Every structure is written in structure tokens, then in C-alpha cells.
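First comes the structure, then the notes that go with it.
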Amino acid sequence: MIMIITHDNQRREQLQSYFERKGYKVLVPPHRQDALALMKEASPIVVILDLYVSEPSGLELLRQFRHEGYRGKVVALAGPSSHQQLRTAYNLGIDQIVGLEQAIDGKLDSEQVESAIRTAIRPLIATRAEELWIQQGRPAGQDMAFWLQAEQEWLQKLRGN
């Protein structure tokens with residue numbers, strides 16, 4: 001399950017539509033102030049967090065999420081003017097950044113965001129693939145099969161299955 005937090009209605013609708021078409025389960029807080037409560041309730045695997053949000057700020061939301069024990073993955077949407085925030089964001093535990101300066105006509109490349117999510121969950125996939133390998137008695141030459149199974153499991157979780 002993926003949570004999208006942004007102040008930009010067009011960006012939110014674009015991302016939500018894209019991920020829902022691809023079969024992912026998407027959560028969008030009705031208001032940014034509801035994001036923490038929804039995170040606690042739903043515990044999304046990935047949060048797409050626009051660092052340009054305010055009241056509360058993207059960094060404040062990230063700080064609150066981590067303080068409340070959220071250990072999921074965070075993909076930050078950031079542009080040139082949020083450069084100063086990135087060090088703090090990394091210290092708070094973002095996993096990937098998608099640059100908003102690459103948006104064309106104000107539209108973010110949704111495929112790039114999906115790629116960032118897949119990169120962010122790679123450590124989860126690797127851990128699961130190793131678990132599967134150990135469960136099967138550590139057979140040689142089946143690394144790819146275990147990886148693909150683990151990847152499918154995590155993608156199913158993102159889709160809410």
C-alpha cells in the first residue's frame with residue numbers, strides 16, 4: 001500500500017490515478033493534518049512525500065512518522081528550492097528522491113516515481129529472497145527464482161493483496 005502526501009492537487013490526482021491503474025492500493029489523507037493518523041491506522045509500505053507541503057511541513061510530517069515508529073519506505077518529491085532540506089530528510093530516513101525539476105509542463109513522471117519505489121523496496125526484497133533460500137535448504141543456482149518470488153510478494157503487498 002502506498003500513501004501519497006502532496007499539496008498539489010494535480011500531482012496527487014496524477015499519481016493516484018497512475019498507481020491505481022497499475023493495481024496498487026493507494027491511500028490519500030483527506031487533509032495533510034490527517035496524514036499521521038492515517039499512517040498509524042494503515043501502516044503503508046511506502047509513503048510518497050512532497051517536501052513542499054506545509055502546515056505541517058514535509059519534514060515535520062516525516063519527523064512525526066519516524067517518532068511514532070513508522071519504519072516503512074519514504075520516497076521524497078523535491079525540487080531545487082528544497083535542496084537545503086535534503087540533509088535533514090536523509091537523517092530522518094528518506095529512501096529515494098524524485099526531482100520535481102524534471103517535471104514536464106508541471107506533470108511529474110509517474111514511472112520515475114514507481115521506479116524510485118521499486119528501488120526503495122529492494123532491501124526488503126533481498127531480505128525476503130534470502131529467507132526463501134534458507135527455507136528451501138540453501139539450494140545453489142536458484143537465486144533468480146527466489147528473487148522473483150520475493151519481488152512478487154512485495155508487489156502484492158503494495159497492491160493490498
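Identifiers in this document derive from the order of the C-alpha cells: chains are assigned A, B, ..., residues are numbered from 1 separately in each chain, and ligands are numbered from 1 in order of occurrence.
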
Next item on the list: Would you mind listing what lies within 9 Å of Leu61 (chain A) as a PyMOL selection string, with only C-alpha atoms counted and same-chain residues fewer than 2 positions away left out?
Entry: chain A and resi 32-33+35-36+49+56-59+63-66

Notebook entry, point to check: Leaving out Phe146 (chain A) and any residue of its chain fewer than 3 positions from it, which residues lie within 8 Å of it when counting only C-alpha atoms, given as a list in words?
Noted result: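 So the residues in contact are Ala129, Glu130, Leu132, Trp133, Gln142, Asp143, Gln149 and Ala150 of chain A.
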
Next item on the list: Enumerate the residues of chain A with a DSSP assignment of helix (DSSP H, G or I), computed from the backbone, and present them as a ChimeraX atom specification.
Entry: /A:9-21,32-42,58-67,80-92,100-102,110-120,122-135,143-158

Please report as a Markdown table every residue of region 121-156 of chain A lying within 12 Å of region 80-97 of chain A, along with the nearest atom pair and their distance in Å (one decimal), using only C-alpha atoms.
| residue | atom | partner | partner_atom | distance |
| --- | --- | --- | --- | --- |
| A:Ile121 | CA | A:Asp95 | CA | 8.9 |
| A:Arg122 | CA | A:Asp95 | CA | 10.6 |
| A:Pro123 | CA | A:Asp95 | CA | 10.6 |

Check: Expressed in Å to a single decimal, how great is the separation between CA of Leu15 (chain A) and CA of Ile2 (chain A)?
Finding: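 Straight-line distance from CA of Leu15 (chain A) to CA of Ile2 (chain A) works out to 10.3 Å.
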
Margin query: Quick check for you: according to DSSP on this backbone, which residues of region 32-142 of chain A are classed as strand (DSSP E)? Reply as a list in words.
Written below: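 Selection result, strand (DSSP E) within region 32-142 of chain A: Val46, Val47, Ile48, Leu49, Asp50, Lys73, Val74, Val75, Ala76, Leu77, Ala78, Gln96, Ile97, Val98 and Gly99 of chain A.
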
Margin query: Could you tell me how far CA of Glu60 (chain A) sits from CA of Ser110 (chain A), in Å to one decimal place?
Written below: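 Those two atoms sit 24.6 Å apart.
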
Notebook entry, point to check: Quick one, how far is CA of Lys157 (chain A) from CA of Ile45 (chain A)?
Noted result: 7.8 Å

Can you pull out the residues contacting Asn9 (chain A)? Cut-off 12 Å, using only C-alpha atoms, and skip same-chain residues under 6 positions away; I want them as a short mmCIF file (atom, residue, chain, number, x, y, z; two decimals) with N, CA, C and O atoms, in the first residue's frame.
data_model
loop_
_atom_site.label_atom_id
_atom_site.label_comp_id
_atom_site.auth_asym_id
_atom_site.auth_seq_id
_atom_site.Cartn_x
_atom_site.Cartn_y
_atom_site.Cartn_z
N LEU A 15 -0.64 10.96 -9.67
CA LEU A 15 0.00 9.80 -9.03
C LEU A 15 -1.03 8.77 -8.59
O LEU A 15 -0.85 7.57 -8.81
N GLN A 16 -2.11 9.22 -7.99
CA GLN A 16 -3.14 8.30 -7.53
C GLN A 16 -3.71 7.51 -8.70
O GLN A 16 -3.83 6.29 -8.64
N SER A 17 -4.04 8.19 -9.77
CA SER A 17 -4.60 7.53 -10.94
C SER A 17 -3.61 6.54 -11.54
O SER A 17 -3.97 5.40 -11.87
N VAL A 28 -4.78 8.29 0.32
CA VAL A 28 -4.55 9.72 0.26
C VAL A 28 -5.27 10.33 1.45
O VAL A 28 -6.50 10.23 1.55
N PRO A 30 -7.30 12.82 3.62
CA PRO A 30 -8.20 13.88 3.19
C PRO A 30 -7.58 15.27 3.36
O PRO A 30 -7.83 16.16 2.57
N HIS A 31 -6.75 15.43 4.38
CA HIS A 31 -6.02 16.67 4.65
C HIS A 31 -4.64 16.28 5.14
O HIS A 31 -4.47 15.22 5.75
N ASP A 50 5.79 14.78 -0.62
CA ASP A 50 6.20 16.01 -1.27
C ASP A 50 6.80 16.93 -0.22
O ASP A 50 6.12 17.31 0.73
N VAL A 53 5.06 20.36 0.91
CA VAL A 53 3.83 20.53 1.68
C VAL A 53 4.11 21.42 2.89
O VAL A 53 5.24 21.51 3.36
N GLY A 106 4.63 20.79 -15.65
CA GLY A 106 4.05 20.64 -14.32
C GLY A 106 3.68 19.21 -13.97
O GLY A 106 3.22 18.94 -12.88
N LYS A 107 3.85 18.27 -14.91
CA LYS A 107 3.49 16.88 -14.65
C LYS A 107 4.72 16.06 -14.28
O LYS A 107 5.72 16.06 -15.00
#

Note to self: I need the residue nearest Ala76 (chain A) from this list: A:Leu148, A:Ala140, A:Met3, A:Leu124. Use only C-alpha atoms for the distance.
What the structure shows: A:Met3

Next item on the list: Give me the residues within 10 Å of Glu111 (chain A) as a PyMOL selection string, counting only C-alpha atoms and dropping any in the same chain fewer than 4 places off.
Entry: chain A and resi 15+18-19+115-117

Margin query: So that I can check the surroundings of Leu38 (chain A), please list as a list in words every protein, DNA and RNA residue that reaches within 9 Å of it, counting only C-alpha atoms and ignoring chain neighbours fewer than 3 positions away.
Written below: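 The residues satisfying every condition are Met3, Leu27, Val28, Pro29, Asp34, Ala35, Glu41, Ala42, Ser43 and Pro44 of chain A.
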
Next item on the list: Select, from A:Glu114, A:Glu151, A:Glu68, A:Glu55, the residue with the minimum atom-to-atom distance to Ala126 (chain A), counting only C-alpha atoms.
Entry: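 Among the listed residues, the smallest separation from Ala126 (chain A) belongs to A:Glu151.
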